[in-house]
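Below is the file my_file_19.cif, which contains mmCIF, C-alpha atoms.
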```cif
data_coords
loop_
_atom_site.group_PDB
_atom_site.id
_atom_site.type_symbol
_atom_site.label_atom_id
_atom_site.label_comp_id
_atom_site.auth_asym_id
_atom_site.auth_seq_id
_atom_site.Cartn_x
_atom_site.Cartn_y
_atom_site.Cartn_z
ATOM 1 C CA GLY A 1 22.648 11.224 66.573
ATOM 2 C CA ALA A 2 24.390 14.230 65.094
ATOM 3 C CA VAL A 3 25.467 17.030 67.417
ATOM 4 C CA VAL A 4 24.372 20.636 67.174
ATOM 5 C CA SER A 5 25.970 23.094 69.563
ATOM 6 C CA GLN A 6 24.628 26.507 70.530
ATOM 7 C CA HIS A 7 26.550 29.261 72.244
ATOM 8 C CA PRO A 8 26.004 30.883 74.643
ATOM 9 C CA SER A 9 23.551 28.784 76.645
ATOM 10 C CA ARG A 10 22.506 31.820 78.673
ATOM 11 C CA VAL A 11 22.935 35.524 78.101
ATOM 12 C CA ILE A 12 21.734 38.625 79.879
ATOM 13 C CA CYS A 13 21.951 41.920 78.051
ATOM 14 C CA LYS A 14 20.833 45.475 78.495
ATOM 15 C CA SER A 15 17.916 46.872 76.556
ATOM 16 C CA GLY A 16 19.069 48.453 73.297
ATOM 17 C CA THR A 17 22.133 46.283 72.816
ATOM 18 C CA SER A 18 22.628 43.465 70.313
ATOM 19 C CA VAL A 19 23.240 39.817 71.058
ATOM 20 C CA LYS A 20 24.698 37.164 68.757
ATOM 21 C CA ILE A 21 23.864 33.477 69.149
ATOM 22 C CA GLU A 22 25.926 30.844 67.348
ATOM 23 C CA CYS A 23 24.728 27.488 66.099
ATOM 24 C CA ARG A 24 27.262 24.913 64.963
ATOM 25 C CA SER A 25 26.865 21.440 63.508
ATOM 26 C CA LEU A 26 29.830 19.617 65.039
ATOM 27 C CA ASP A 27 30.042 16.380 63.122
ATOM 28 C CA PHE A 28 28.149 17.006 59.914
ATOM 29 C CA GLN A 29 27.582 19.621 57.263
ATOM 30 C CA ALA A 30 24.180 21.220 57.473
ATOM 31 C CA THR A 31 22.601 22.326 54.247
ATOM 32 C CA THR A 32 19.745 23.938 56.106
ATOM 33 C CA MET A 33 19.474 25.443 59.562
ATOM 34 C CA PHE A 34 16.362 26.623 61.370
ATOM 35 C CA TRP A 35 15.843 29.126 64.170
ATOM 36 C CA TYR A 36 13.022 28.820 66.675
ATOM 37 C CA ARG A 37 11.819 30.857 69.623
ATOM 38 C CA GLN A 38 9.981 29.491 72.633
ATOM 39 C CA PHE A 39 8.196 31.548 75.264
ATOM 40 C CA PRO A 40 7.436 30.052 78.698
ATOM 41 C CA LYS A 41 4.874 27.256 78.642
ATOM 42 C CA GLN A 42 4.468 27.557 74.886
ATOM 43 C CA SER A 43 5.604 25.440 71.978
ATOM 44 C CA LEU A 44 8.473 26.219 69.627
ATOM 45 C CA MET A 45 7.717 28.832 67.001
ATOM 46 C CA LEU A 46 9.703 28.774 63.776
ATOM 47 C CA MET A 47 11.352 32.137 63.097
ATOM 48 C CA ALA A 48 13.382 31.540 59.966
ATOM 49 C CA THR A 49 15.044 29.009 57.706
ATOM 50 C CA SER A 50 18.509 29.522 56.317
ATOM 51 C CA ASN A 51 20.415 27.747 53.608
ATOM 52 C CA GLU A 52 24.170 28.092 53.411
ATOM 53 C CA GLY A 53 25.207 30.968 51.207
ATOM 54 C CA SER A 54 21.767 32.440 50.667
ATOM 55 C CA LYS A 55 19.417 34.803 52.462
ATOM 56 C CA ALA A 56 17.242 33.442 55.223
ATOM 57 C CA THR A 57 13.523 32.943 54.745
ATOM 58 C CA TYR A 58 11.586 34.501 57.606
ATOM 59 C CA GLU A 59 8.196 33.391 58.888
ATOM 60 C CA GLN A 60 5.347 35.844 58.810
ATOM 61 C CA GLY A 61 5.531 38.348 61.646
ATOM 62 C CA VAL A 62 9.271 37.939 62.244
ATOM 63 C CA GLU A 63 11.229 41.139 61.574
ATOM 64 C CA LYS A 64 14.217 40.339 59.395
ATOM 65 C CA ASP A 65 15.968 43.584 60.291
ATOM 66 C CA LYS A 66 15.700 42.800 63.977
ATOM 67 C CA PHE A 67 16.662 39.152 63.830
ATOM 68 C CA LEU A 68 19.682 38.958 61.538
ATOM 69 C CA ILE A 69 20.599 35.498 60.369
ATOM 70 C CA ASN A 70 23.892 34.618 58.736
ATOM 71 C CA HIS A 71 24.679 31.158 57.408
ATOM 72 C CA ALA A 72 28.160 31.656 56.074
ATOM 73 C CA SER A 73 29.310 28.038 56.122
ATOM 74 C CA LEU A 74 27.871 24.535 56.182
ATOM 75 C CA THR A 75 28.621 24.236 59.891
ATOM 76 C CA LEU A 76 27.758 27.651 61.291
ATOM 77 C CA SER A 77 24.702 29.857 61.455
ATOM 78 C CA THR A 78 24.328 32.927 63.643
ATOM 79 C CA LEU A 79 21.279 34.784 64.908
ATOM 80 C CA THR A 80 21.777 38.381 66.008
ATOM 81 C CA VAL A 81 19.028 40.029 68.006
ATOM 82 C CA THR A 82 19.495 43.725 67.317
ATOM 83 C CA SER A 83 18.390 46.500 69.651
ATOM 84 C CA ALA A 84 17.044 43.963 72.094
ATOM 85 C CA HIS A 85 14.054 44.791 74.271
ATOM 86 C CA PRO A 86 12.632 42.962 77.293
ATOM 87 C CA GLU A 87 9.898 41.425 75.123
ATOM 88 C CA ASP A 88 12.668 39.666 73.137
ATOM 89 C CA SER A 89 13.526 37.672 76.254
ATOM 90 C CA SER A 90 12.941 34.064 75.259
ATOM 91 C CA PHE A 91 14.470 30.640 74.661
ATOM 92 C CA TYR A 92 16.082 30.583 71.207
ATOM 93 C CA ILE A 93 16.777 27.197 69.632
ATOM 94 C CA CYS A 94 18.482 26.277 66.390
ATOM 95 C CA SER A 95 18.309 23.064 64.434
ATOM 96 C CA ALA A 96 20.265 21.673 61.518
ATOM 97 C CA ARG A 97 19.565 19.108 58.873
ATOM 98 C CA ILE A 98 22.013 17.061 56.848
ATOM 99 C CA GLY A 99 19.919 16.428 53.790
ATOM 100 C CA VAL A 100 16.478 17.099 52.423
ATOM 101 C CA ASN A 101 14.740 14.061 53.869
ATOM 102 C CA THR A 102 16.706 13.464 57.018
ATOM 103 C CA GLU A 103 15.754 14.314 60.566
ATOM 104 C CA ALA A 104 16.711 17.669 62.069
ATOM 105 C CA PHE A 105 18.897 17.867 65.149
ATOM 106 C CA PHE A 106 18.520 20.605 67.716
ATOM 107 C CA GLY A 107 20.906 22.666 69.765
ATOM 108 C CA GLN A 108 20.543 22.923 73.506
ATOM 109 C CA GLY A 109 19.000 26.381 73.265
ATOM 110 C CA THR A 110 19.979 29.858 74.415
ATOM 111 C CA ARG A 111 18.127 31.596 77.215
ATOM 112 C CA LEU A 112 18.111 35.324 76.443
ATOM 113 C CA THR A 113 17.125 37.789 79.153
ATOM 114 C CA VAL A 114 16.940 41.468 78.261
ATOM 115 C CA VAL A 115 16.954 43.818 81.237
ATOM 116 C CA ASP B 1 1.893 20.175 56.169
ATOM 117 C CA ALA B 2 -0.902 18.216 57.848
ATOM 118 C CA LYS B 3 -1.987 19.106 61.347
ATOM 119 C CA THR B 4 -1.641 16.731 64.299
ATOM 120 C CA THR B 5 -3.740 16.298 67.434
ATOM 121 C CA GLN B 6 -2.292 14.982 70.679
ATOM 122 C CA PRO B 7 -3.658 14.715 74.213
ATOM 123 C CA PRO B 8 -2.273 17.562 76.326
ATOM 124 C CA SER B 9 -0.990 15.318 79.086
ATOM 125 C CA MET B 10 -0.515 11.691 80.137
ATOM 126 C CA ASP B 11 0.810 9.855 83.150
ATOM 127 C CA CYS B 12 2.757 6.617 83.120
ATOM 128 C CA ALA B 13 4.142 4.437 85.885
ATOM 129 C CA GLU B 14 7.885 3.921 85.924
ATOM 130 C CA GLY B 15 8.864 0.671 84.237
ATOM 131 C CA ARG B 16 5.637 0.390 82.288
ATOM 132 C CA ALA B 17 5.174 1.065 78.600
ATOM 133 C CA ALA B 18 4.153 4.589 77.648
ATOM 134 C CA ASN B 19 1.858 4.751 74.621
ATOM 135 C CA LEU B 20 1.494 8.226 73.188
ATOM 136 C CA PRO B 21 -1.192 8.666 70.521
ATOM 137 C CA CYS B 22 -1.233 11.119 67.667
ATOM 138 C CA ASN B 23 -4.011 11.827 65.213
ATOM 139 C CA HIS B 24 -3.097 13.070 61.734
ATOM 140 C CA SER B 25 -6.251 12.366 59.769
ATOM 141 C CA THR B 26 -5.383 14.790 56.945
ATOM 142 C CA ILE B 27 -1.946 13.339 56.284
ATOM 143 C CA SER B 28 -0.914 13.069 52.650
ATOM 144 C CA GLY B 29 0.750 10.135 51.020
ATOM 145 C CA ASN B 30 4.131 11.811 50.894
ATOM 146 C CA GLU B 31 4.194 13.063 54.479
ATOM 147 C CA TYR B 32 6.400 11.528 57.143
ATOM 148 C CA VAL B 33 5.480 11.264 60.824
ATOM 149 C CA TYR B 34 8.216 12.555 63.146
ATOM 150 C CA TRP B 35 8.426 12.351 66.921
ATOM 151 C CA TYR B 36 10.550 14.638 69.060
ATOM 152 C CA ARG B 37 10.627 15.245 72.771
ATOM 153 C CA GLN B 38 11.676 18.217 74.856
ATOM 154 C CA ILE B 39 12.875 17.887 78.384
ATOM 155 C CA HIS B 40 12.437 21.053 80.394
ATOM 156 C CA SER B 41 14.740 23.925 79.314
ATOM 157 C CA GLN B 42 16.526 21.852 76.666
ATOM 158 C CA GLY B 43 16.361 21.694 72.900
ATOM 159 C CA PRO B 44 14.106 19.048 71.315
ATOM 160 C CA GLN B 45 15.525 15.560 70.904
ATOM 161 C CA TYR B 46 14.813 13.460 67.835
ATOM 162 C CA ILE B 47 13.180 10.128 68.645
ATOM 163 C CA ILE B 48 11.968 8.392 65.511
ATOM 164 C CA HIS B 49 10.196 8.908 62.209
ATOM 165 C CA GLY B 50 8.337 6.820 59.657
ATOM 166 C CA LEU B 51 6.302 6.933 56.486
ATOM 167 C CA LYS B 52 4.153 3.794 56.239
ATOM 168 C CA ASN B 53 5.816 0.934 58.041
ATOM 169 C CA ASN B 54 6.251 0.551 61.759
ATOM 170 C CA GLU B 55 9.669 1.588 62.953
ATOM 171 C CA THR B 56 11.791 0.696 65.971
ATOM 172 C CA ASN B 57 15.052 2.025 67.301
ATOM 173 C CA GLU B 58 16.902 2.024 70.603
ATOM 174 C CA MET B 59 14.630 4.692 72.038
ATOM 175 C CA ALA B 60 11.130 3.801 70.931
ATOM 176 C CA SER B 61 8.746 2.137 68.511
ATOM 177 C CA LEU B 62 6.449 3.926 66.107
ATOM 178 C CA ILE B 63 3.228 2.230 65.099
ATOM 179 C CA ILE B 64 1.416 3.791 62.132
ATOM 180 C CA THR B 65 -2.100 2.640 61.310
ATOM 181 C CA GLU B 66 -2.730 1.161 57.898
ATOM 182 C CA ASP B 67 -4.722 4.207 56.755
ATOM 183 C CA ARG B 68 -1.944 6.427 58.184
ATOM 184 C CA LYS B 69 -4.474 8.640 59.939
ATOM 185 C CA SER B 70 -2.971 8.039 63.349
ATOM 186 C CA SER B 71 0.154 6.738 65.025
ATOM 187 C CA THR B 72 1.395 5.714 68.445
ATOM 188 C CA LEU B 73 4.806 6.252 69.948
ATOM 189 C CA ILE B 74 5.741 3.507 72.383
ATOM 190 C CA LEU B 75 8.392 3.851 75.043
ATOM 191 C CA PRO B 76 8.669 0.203 76.140
ATOM 192 C CA HIS B 77 9.963 0.740 79.687
ATOM 193 C CA ALA B 78 9.452 4.314 80.791
ATOM 194 C CA THR B 79 11.866 5.836 83.273
ATOM 195 C CA LEU B 80 11.692 9.056 85.239
ATOM 196 C CA ARG B 81 14.077 10.603 82.703
ATOM 197 C CA ASP B 82 11.462 10.120 79.998
ATOM 198 C CA THR B 83 9.331 12.826 81.587
ATOM 199 C CA ALA B 84 9.086 15.428 78.814
ATOM 200 C CA VAL B 85 6.811 17.039 76.247
ATOM 201 C CA TYR B 86 6.448 14.760 73.230
ATOM 202 C CA TYR B 87 5.738 16.283 69.834
ATOM 203 C CA CYS B 88 4.225 14.463 66.881
ATOM 204 C CA ILE B 89 4.898 16.292 63.597
ATOM 205 C CA VAL B 90 4.066 15.465 60.016
ATOM 206 C CA ARG B 91 6.310 16.793 57.313
ATOM 207 C CA VAL B 92 6.192 16.453 53.587
ATOM 208 C CA ALA B 93 8.898 14.475 51.841
ATOM 209 C CA LEU B 94 11.089 17.010 50.160
ATOM 210 C CA SER B 95 12.429 17.643 46.750
ATOM 211 C CA GLY B 96 15.432 19.779 46.045
ATOM 212 C CA GLY B 97 14.910 23.350 47.111
ATOM 213 C CA SER B 98 12.041 22.642 49.515
ATOM 214 C CA GLN B 99 12.401 24.023 53.036
ATOM 215 C CA GLY B 100 11.049 21.113 55.060
ATOM 216 C CA ASN B 101 10.315 23.036 58.197
ATOM 217 C CA LEU B 102 9.245 21.204 61.348
ATOM 218 C CA ILE B 103 6.170 22.930 62.727
ATOM 219 C CA PHE B 104 5.586 22.139 66.383
ATOM 220 C CA GLY B 105 2.152 21.814 67.955
ATOM 221 C CA LYS B 106 1.513 21.775 71.689
ATOM 222 C CA GLY B 107 2.553 18.164 72.198
ATOM 223 C CA THR B 108 1.790 15.772 75.044
ATOM 224 C CA LYS B 109 3.309 16.331 78.445
ATOM 225 C CA LEU B 110 4.249 12.868 79.681
ATOM 226 C CA SER B 111 4.816 12.498 83.391
ATOM 227 C CA VAL B 112 6.490 9.280 84.467
ATOM 228 C CA LYS B 113 5.763 8.591 88.105
ATOM 229 C CA PRO B 114 7.616 6.297 90.543
#
```

Conversion result in structure tokens:
Amino acid sequence: GAVVSQHPSRVICKSGTSVKIECRSLDFQATTMFWYRQFPKQSLMLMATSNEGSKATYEQGVEKDKFLINHASLTLSTLTVTSAHPEDSSFYICSARIGVNTEAFFGQGTRLTVV
Amino acid sequence: DAKTTQPPSMDCAEGRAANLPCNHSTISGNEYVYWYRQIHSQGPQYIIHGLKNNETNEMASLIITEDRKSSTLILPHATLRDTAVYYCIVRVALSGGSQGNLIFGKGTKLSVKP
């Protein structure tokens, strides 16, 4: 299947700082990318959907000013967690889709720990 | 998108077939059934998807009932590395401009035992 790469795989940051997570589709162009968050022992929760060149669509309850999403090209989307707090500690996962009715492929996830 | 119901957990002996059921009784005619799995601390892995017909690939088979209200994912010869949480998701077939999000439920935790 297609490859989606996330970087970094793990990050520890201090409370109040910002962290950027990158999501790249390595061997295909992704018209749409998705960002999920997963807390321990819970399922994935969709945070936002982004289409290249347009503003992201955020799910209800997700603060768009805190979780900044940029999808500047067909192979790269970034999620920036601004002013991170310990409760933002989670497993963040991106996925990318080639076309409207194709399967989505997932990155390996980023473990964020805010201390 | 229609909701799915899966058993929270299942066990399977190594080398035997693992049959994972999924109920999607409210599925619409234009909704696909997708299966993903998530091994601990990794991103989900695509397995297979289908609309009406049964599907098979190198990983698994997907059996969809004729009324499309339920489906079964079959791993023909389970190995210890197949231990994971398996998610059954239904998603509407998209037209241009639709988002097509995958909404994850709680899935089935499959434990393959030696």

Self-check item: Residues matched by the PyMOL selection byres ((chain A) within 12 of (chain B)), written as a ChimeraX atom specification
Solution: /A:1-6,9-10,31-51,54,56-59,90-111

Practice problem: Mind giving me the straight-line distance from atom CA of B:Ala18 to atom CA of B:Tyr86 in Å, one decimal? | Solution: 11.3 Å

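One distance worth recording is that between atom CA of B:Ala60 and atom CA of B:Leu75, which is 4.9 Å.
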
Quiz item: Can you tell me, as a ChimeraX atom specification, what residues are no more than 7 Å from A:His7 when counting only C-alpha atoms, ignoring any on the same chain fewer than 3 positions away?
Solution: /A:21-23,110

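Using all atoms listed in the file, the protein and nucleic acid residues lying no more than 6 Å from A:Ser89, apart from those fewer than 2 places from it along its own chain, are Pro86, Glu87, Leu112, Thr113 and Val114 of chain A.
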
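If you measure from each of B:Arg16, B:Lys109, B:Lys52, B:His24 to B:Thr83 using only C-alpha atoms, the closest one turns out to be B:Lys109.
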